[in-house]
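Colleague: Below is one structure. I have some questions about it.
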Amino acid sequence: MLDFFTIFSKGGIVLWCFQGAGVTESFTGPVNALIRSVILQERSGNNSYTHDALNLKYKLDNEFELVFVVGFQKILTLTYVDKFIDDVQLHFRDRYKNELEQKGALTLLNSNFAFEDDFNMLLREAEESSKARGPNSMRSFNESLKSQKTVKSMIETKGGDKGKEQGGKKNKNCCYQGMQLSSMKGDLLAVDYESSEDDEVEEEEERVVIADTSRKRKGGFGGMFGMLKGLVGSKSLSQEDMEPVLDKMRDHLIAKNVAAEIASQLCDSVAKKLEGKVMGTFTTVASTVKGALQDSLVQILQPKRRVDILRDVLEARSQRRPFVITFCGVNGVGKSTNLAKISFWLIENGFTVLIAACDTFRAGAVEQLRTHQRRLNSLHPPQDHGGRPVVQLYEKGYGKDAAGIAMEAIAYARNQAFDVVLVDTAGRMQDNAPLMTALAKLIAVNMPDLVLFVGEALVGNEAVDQLVKFNQALADHSMSDKPRLIDGIVLTKFDTIDDKVGAAISMTYITGQPIVFVGTGQTYNDLRSLNARAVVGALMKA
Ligand SMILES: Nc1nc2c(ncn2[C@@H]2O[C@H](COP(=O)(O)OP(=O)(O)OP(=O)(O)O)[C@@H](O)[C@H]2O)c(=O)[nH]1
Ligand SMILES: [Mg+2]
């Protein structure tokens, strides 16, 4: 029942297309019209467009710079199209990741995207599931978009909710030394925010009424957008017009703890994006500026690379080797505590963990880990796991070479068939050259699967300095031409920062690496994943 489906790059190269049986009209006209009047204007709306008798729906893939467009007759109400376009996008990305990562136009031109079979399968599934639901069945409130558009919808639940439910059923919720614990099976819950009523406005409505709310609010973005009031008619935006607005935007971001340098770079890029854009009315100016900033922020926070630790651990297990994660960062940021929380999450997911006590420097570091190891084993007693402790500590006391201990621990884990090795390291200041060299050596020698940088959400400008110097040290002391740098971030003490969430932006912007875990407190349950939309929401809030 579809007229066509086409996948093309933002550069205009058609990678693949499908034309429905019996459809003779070319779809070049409608697609060109869509590109001209919607995509190039960066009007997002609800991602649909009507051209003569055709309905077009599209989806942008910003990571790989692709556009997915589906066309069907306006008279048809195809309920499955939105989900279908999502499915096709995911499938296509997964299947052609390698080709798409190369990006260059030549690679795309030379690649053969034989996607017919996958597409037909997805289409059959979509059509069948919509038939199964019945054509005229009315959606219940719970199924409707509206029911999901509450504040709660900002929280990504994924497998997390399921895990919680299971935990509840099996009565797994337990307490330890005053700590409330619940099951942490599956993917982690995403960080949550308290929101004002304003945020509950449905997205569609928000776009329309944005000018009003910005006028209502004092200061913050309200004031900022207010400045654009004079800009009406068909004037195109110039740097000069935007200067005062951008200054305010920069201050706003800095007030939210985004590092100053990064706030400036972000504003410059928004200015570049908007320069020369022809403005219609005040409303469009307001939503365009806000939208451009919001888009950039979401894009920064969205992982360029998927980090799926549970899957990667399983893969390592199938290769009969432990999956090794190293934690590093400056003193007192929460490396050891979050290492323990991550152990708990891994154990809850059925894995065994060896903690390598490679902080051989700070007094008490080994004992701190031993305490965690005991607590974790009492939460998951060996008798529930075939007589084997689910977490063990590998330690050699103090004053020894950390890289050597890590190496012994990894070998021990391989012999004893542990699934994961978590390497705790001593805190070190980024300017302490000998200690940075030692860390770089530990990583170069042991080549962990994942190097996690642990940083506090409280930091502002300091975040950039830490990350740049940690990465630089790893690069300088690497023995390979493809050095192991930081490949993920643990953002800790997120519970202490209110809505000053700027460090999340600074850290991902500087490294280009994802925030893999968010620490939200001092119990084993206080571990979350990042919800980019919620963080951007908090950043944009006046
Ligand atoms: N509120 C809050 N406190 C945290 C969080 N993570 C860690 N902490 C606290 O931060 C303090 C330092 O934590 P550690 O785990 O010892 O930090 P570290 O980075 O290992 O410290 P060094 O090994 O000395 O470098 C402890 O009091 C933790 O309880 C968090 O997500 N939220
Ligand atoms: Mg520590």
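Note on naming: chains are A, B, ... as they come in the structure tokens, residues start from 1 per chain, ligands start from 1 in the order shown.
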Residues up to 12 Å from ligand 2, counting only C-alpha atoms and all ligand atoms: could you list those as a PyMOL selection string?

Modeller: chain A and resi 327-340+356-370+372+423-428+454

Colleague: Can you pull out the residues contacting range 513-518 of chain A? Cut-off 6 Å, using only C-alpha atoms, and skip same-chain residues under 5 positions away; I want them as an MDAnalysis selection string.

Modeller: chainID A and resid 303 487:492 508 527:529

Colleague: If you run DSSP over the backbone, which residues in range 318-509 of chain A end up strand (DSSP E)? Put them as an MDAnalysis selection string.

Modeller: chainID A and resid 323:328 353:358 391:394 420:425 450:456 488:492

Colleague: Restricting it to N, CA, C and O atoms, dump the selection as a CSV table (one decimal), in the first residue's frame.

Modeller:
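Written output follows (out_10.csv):
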chain,number,residue,atom,x,y,z
A,323,PHE,N,35.7,-9.4,30.1
A,323,PHE,CA,35.6,-8.1,29.5
A,323,PHE,C,36.2,-7.1,30.6
A,323,PHE,O,35.9,-7.2,31.8
A,324,VAL,N,37.2,-6.3,30.1
A,324,VAL,CA,37.9,-5.5,31.1
A,324,VAL,C,37.6,-4.0,31.0
A,324,VAL,O,37.6,-3.4,29.9
A,325,ILE,N,37.2,-3.5,32.1
A,325,ILE,CA,36.9,-2.0,32.2
A,325,ILE,C,37.8,-1.3,33.2
A,325,ILE,O,38.0,-1.8,34.3
A,326,THR,N,38.5,-0.3,32.7
A,326,THR,CA,39.3,0.5,33.6
A,326,THR,C,38.7,1.8,34.0
A,326,THR,O,38.1,2.5,33.1
A,327,PHE,N,38.7,2.2,35.2
A,327,PHE,CA,38.1,3.5,35.7
A,327,PHE,C,39.3,4.4,36.0
A,327,PHE,O,40.2,4.1,36.7
A,328,CYS,N,39.2,5.6,35.5
A,328,CYS,CA,40.2,6.6,35.9
A,328,CYS,C,39.6,8.0,36.1
A,328,CYS,O,38.4,8.2,35.7
A,353,VAL,N,32.1,-11.0,38.6
A,353,VAL,CA,33.0,-9.8,38.5
A,353,VAL,C,34.2,-10.0,39.4
A,353,VAL,O,34.1,-10.4,40.5
A,354,LEU,N,35.4,-9.6,38.8
A,354,LEU,CA,36.6,-9.6,39.6
A,354,LEU,C,37.0,-8.1,39.7
A,354,LEU,O,37.2,-7.5,38.6
A,355,ILE,N,37.1,-7.6,40.9
A,355,ILE,CA,37.5,-6.2,41.1
A,355,ILE,C,39.1,-6.2,41.3
A,355,ILE,O,39.6,-6.9,42.2
A,356,ALA,N,39.8,-5.5,40.5
A,356,ALA,CA,41.2,-5.4,40.6
A,356,ALA,C,41.6,-4.2,41.4
A,356,ALA,O,41.3,-3.1,40.9
A,357,ALA,N,42.2,-4.4,42.5
A,357,ALA,CA,42.5,-3.2,43.4
A,357,ALA,C,43.8,-2.6,43.0
A,357,ALA,O,44.9,-2.8,43.5
A,358,CYS,N,43.7,-1.8,41.9
A,358,CYS,CA,45.0,-1.2,41.4
A,358,CYS,C,45.2,0.3,41.9
A,358,CYS,O,46.1,1.0,41.4
A,391,VAL,N,31.4,-12.0,43.2
A,391,VAL,CA,32.4,-11.0,43.1
A,391,VAL,C,33.6,-11.3,44.0
A,391,VAL,O,33.4,-11.7,45.1
A,392,GLN,N,34.7,-11.1,43.4
A,392,GLN,CA,35.9,-11.4,44.1
A,392,GLN,C,36.9,-10.2,44.0
A,392,GLN,O,36.8,-9.4,43.1
A,393,LEU,N,37.8,-10.0,45.0
A,393,LEU,CA,38.7,-8.9,44.9
A,393,LEU,C,40.1,-9.5,44.6
A,393,LEU,O,40.5,-10.4,45.2
A,394,TYR,N,40.8,-8.9,43.7
A,394,TYR,CA,42.1,-9.2,43.4
A,394,TYR,C,43.0,-8.1,44.0
A,394,TYR,O,43.0,-7.0,43.5
A,420,VAL,N,33.8,-10.4,34.0
A,420,VAL,CA,34.2,-9.0,33.9
A,420,VAL,C,35.3,-8.7,34.9
A,420,VAL,O,35.3,-9.2,36.0
A,421,VAL,N,36.3,-7.9,34.5
A,421,VAL,CA,37.3,-7.4,35.4
A,421,VAL,C,37.1,-5.9,35.5
A,421,VAL,O,37.1,-5.2,34.4
A,422,LEU,N,36.9,-5.4,36.7
A,422,LEU,CA,36.8,-3.9,36.9
A,422,LEU,C,38.0,-3.4,37.6
A,422,LEU,O,38.3,-3.9,38.7
A,423,VAL,N,38.8,-2.6,36.9
A,423,VAL,CA,40.1,-2.1,37.4
A,423,VAL,C,39.9,-0.8,38.1
A,423,VAL,O,39.6,0.2,37.4
A,424,ASP,N,40.1,-0.7,39.4
A,424,ASP,CA,40.0,0.5,40.1
A,424,ASP,C,41.4,1.2,40.1
A,424,ASP,O,42.4,0.4,40.2
A,425,THR,N,41.5,2.4,39.8
A,425,THR,CA,42.9,3.1,39.8
A,425,THR,C,42.9,4.2,40.8
A,425,THR,O,41.8,4.7,41.2
A,450,LEU,N,37.3,-1.3,27.7
A,450,LEU,CA,36.7,0.0,27.9
A,450,LEU,C,37.4,0.8,28.9
A,450,LEU,O,37.8,0.3,29.9
A,451,VAL,N,37.8,2.1,28.5
A,451,VAL,CA,38.4,3.0,29.4
A,451,VAL,C,37.4,4.0,29.8
A,451,VAL,O,37.0,4.8,29.0
A,452,LEU,N,36.9,4.0,31.1
A,452,LEU,CA,35.9,4.9,31.5
A,452,LEU,C,36.5,6.1,32.3
A,452,LEU,O,37.3,5.8,33.2
A,453,PHE,N,36.2,7.3,31.9
A,453,PHE,CA,36.7,8.4,32.7
A,453,PHE,C,35.6,8.8,33.6
A,453,PHE,O,34.4,8.9,33.2
A,454,VAL,N,35.9,8.9,34.9
A,454,VAL,CA,34.9,9.2,35.9
A,454,VAL,C,35.0,10.7,36.3
A,454,VAL,O,36.1,11.1,36.6
A,455,GLY,N,34.0,11.4,36.1
A,455,GLY,CA,34.0,12.9,36.4
A,455,GLY,C,32.8,13.3,37.1
A,455,GLY,O,31.7,12.7,37.0
A,456,GLU,N,33.0,14.3,38.0
A,456,GLU,CA,31.8,14.8,38.7
A,456,GLU,C,31.0,15.8,37.9
A,456,GLU,O,31.5,16.6,37.1
A,488,GLY,N,34.5,6.3,27.2
A,488,GLY,CA,33.2,6.5,27.8
A,488,GLY,C,33.3,7.3,29.1
A,488,GLY,O,34.4,7.4,29.6
A,489,ILE,N,32.2,7.8,29.5
A,489,ILE,CA,32.3,8.7,30.7
A,489,ILE,C,31.3,8.2,31.7
A,489,ILE,O,30.2,7.8,31.4
A,490,VAL,N,31.7,8.3,33.0
A,490,VAL,CA,30.8,8.0,34.1
A,490,VAL,C,30.6,9.4,34.8
A,490,VAL,O,31.6,10.0,35.3
A,491,LEU,N,29.4,9.9,34.8
A,491,LEU,CA,29.2,11.2,35.3
A,491,LEU,C,28.6,11.1,36.7
A,491,LEU,O,27.5,10.5,36.8
A,492,THR,N,29.3,11.4,37.7
A,492,THR,CA,28.9,11.1,39.1
A,492,THR,C,28.3,12.3,39.8
A,492,THR,O,28.4,13.5,39.4

Colleague: Please identify all polymer residues within 9 Å of Leu458 in chain A, counting only C-alpha atoms, omitting same-chain residues fewer than 5 positions from it, and present them as a list in words.

Modeller: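 Surrounding residues, per the criterion: Asn257, Thr492, Lys493, Phe494, Thr496, Ile497, Lys500, Val501, Gly502 and Ala503 of chain A.
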
Colleague: Which polymer residues have any atom within 7 Å of an atom of Lys304 in chain A, counting only C-alpha atoms, with same-chain residues fewer than 2 positions away left out, as a list in words?

Modeller: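 Selected residues are Glu63, Gln302 and Arg306 of chain A.
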
Colleague: In terms of the shortest atom-to-atom distance over only C-alpha atoms, which of A:Leu266, A:Val390, A:Ala316, A:Leu54 is closest to Gln373 in chain A?

Modeller: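 Of all the options, A:Val390 lies closest to Gln373 in chain A.
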
Colleague: In terms of the shortest atom-to-atom distance over only C-alpha atoms and all ligand atoms, which of A:Ile342, A:Ala409, A:Ala542, A:Ala255 is closest to ligand 1?

Modeller: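 Closest candidate: A:Ile342.
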
Colleague: Enumerate the residues of range 261-462 of chain A with a DSSP assignment of alpha helix (DSSP H), computed from the backbone, and present them as a count of residues only.

Modeller: 102

Colleague: Using only C-alpha atoms, pick whichever of A:Ala463, A:Ile486, A:Leu530, A:Ala402 has the shortest atom-to-atom distance to Leu439 in chain A.

Modeller: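 The closest residue to Leu439 in chain A is A:Ala402.
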
Colleague: Just checking: using only C-alpha atoms and all ligand atoms, which residue out of A:Leu376, A:Met242, A:Val191, A:Leu78 ends up closest to ligand 1?

Modeller: A:Val191

Colleague: Just checking: using only C-alpha atoms, which residue out of A:Glu261, A:Asp499, A:Asp187, A:Asp384 ends up closest to Val535 in chain A?

Modeller: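 Comparing A:Glu261, A:Asp499, A:Asp187, A:Asp384 against Val535 in chain A, the winner is A:Asp499.
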
Colleague: In Å to one decimal, how far is CA of Leu189 in chain A from CA of Thr520 in chain A?

Modeller: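 Interatomic distance here is 11.3 Å.
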
Colleague: Which residue gives the smallest distance to Leu310 in chain A among A:Lys248, A:Lys185, A:Arg95, A:Arg414, with only C-alpha atoms counted?

Modeller: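 Of the candidates, the smallest distance to Leu310 in chain A is held by A:Lys185.
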
Colleague: What's around Gln299 in chain A at 10 Å? Count only C-alpha atoms, leave out sequence neighbours fewer than 6 positions away in its own chain, and write the answer as an MDAnalysis selection string.

Modeller: chainID A and resid 62:63 293 509 532

Colleague: Next, the residues of the selection above should be written as a short mmCIF file (atom, residue, chain, number, x, y, z; two decimals), in the first residue's frame with N, CA, C and O atoms.

Modeller:
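Once written, selection31.cif looks like this:
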data_model
loop_
_atom_site.label_atom_id
_atom_site.label_comp_id
_atom_site.auth_asym_id
_atom_site.auth_seq_id
_atom_site.Cartn_x
_atom_site.Cartn_y
_atom_site.Cartn_z
N ASN A 62 20.76 11.85 11.82
CA ASN A 62 21.81 12.87 11.86
C ASN A 62 23.20 12.27 11.98
O ASN A 62 24.18 12.87 11.56
N GLU A 63 23.26 11.10 12.55
CA GLU A 63 24.59 10.51 12.72
C GLU A 63 25.20 10.17 11.38
O GLU A 63 26.33 10.52 11.07
N LEU A 293 19.59 25.54 18.79
CA LEU A 293 20.42 25.24 19.97
C LEU A 293 20.06 23.86 20.53
O LEU A 293 20.94 23.03 20.80
N TYR A 509 31.15 16.79 24.55
CA TYR A 509 31.62 17.64 23.44
C TYR A 509 33.13 17.48 23.25
O TYR A 509 33.63 17.33 22.15
N ALA A 532 19.15 11.96 27.02
CA ALA A 532 19.60 13.19 26.35
C ALA A 532 18.51 14.25 26.34
O ALA A 532 18.75 15.42 26.63
#

Colleague: For a test of reading the model, state the distance in Å between CA of Pro434 in chain A and CA of Gly519 in chain A, rounded to one decimal.

Modeller: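 Value for the CA of Pro434 in chain A-CA of Gly519 in chain A distance: 28.9 Å.
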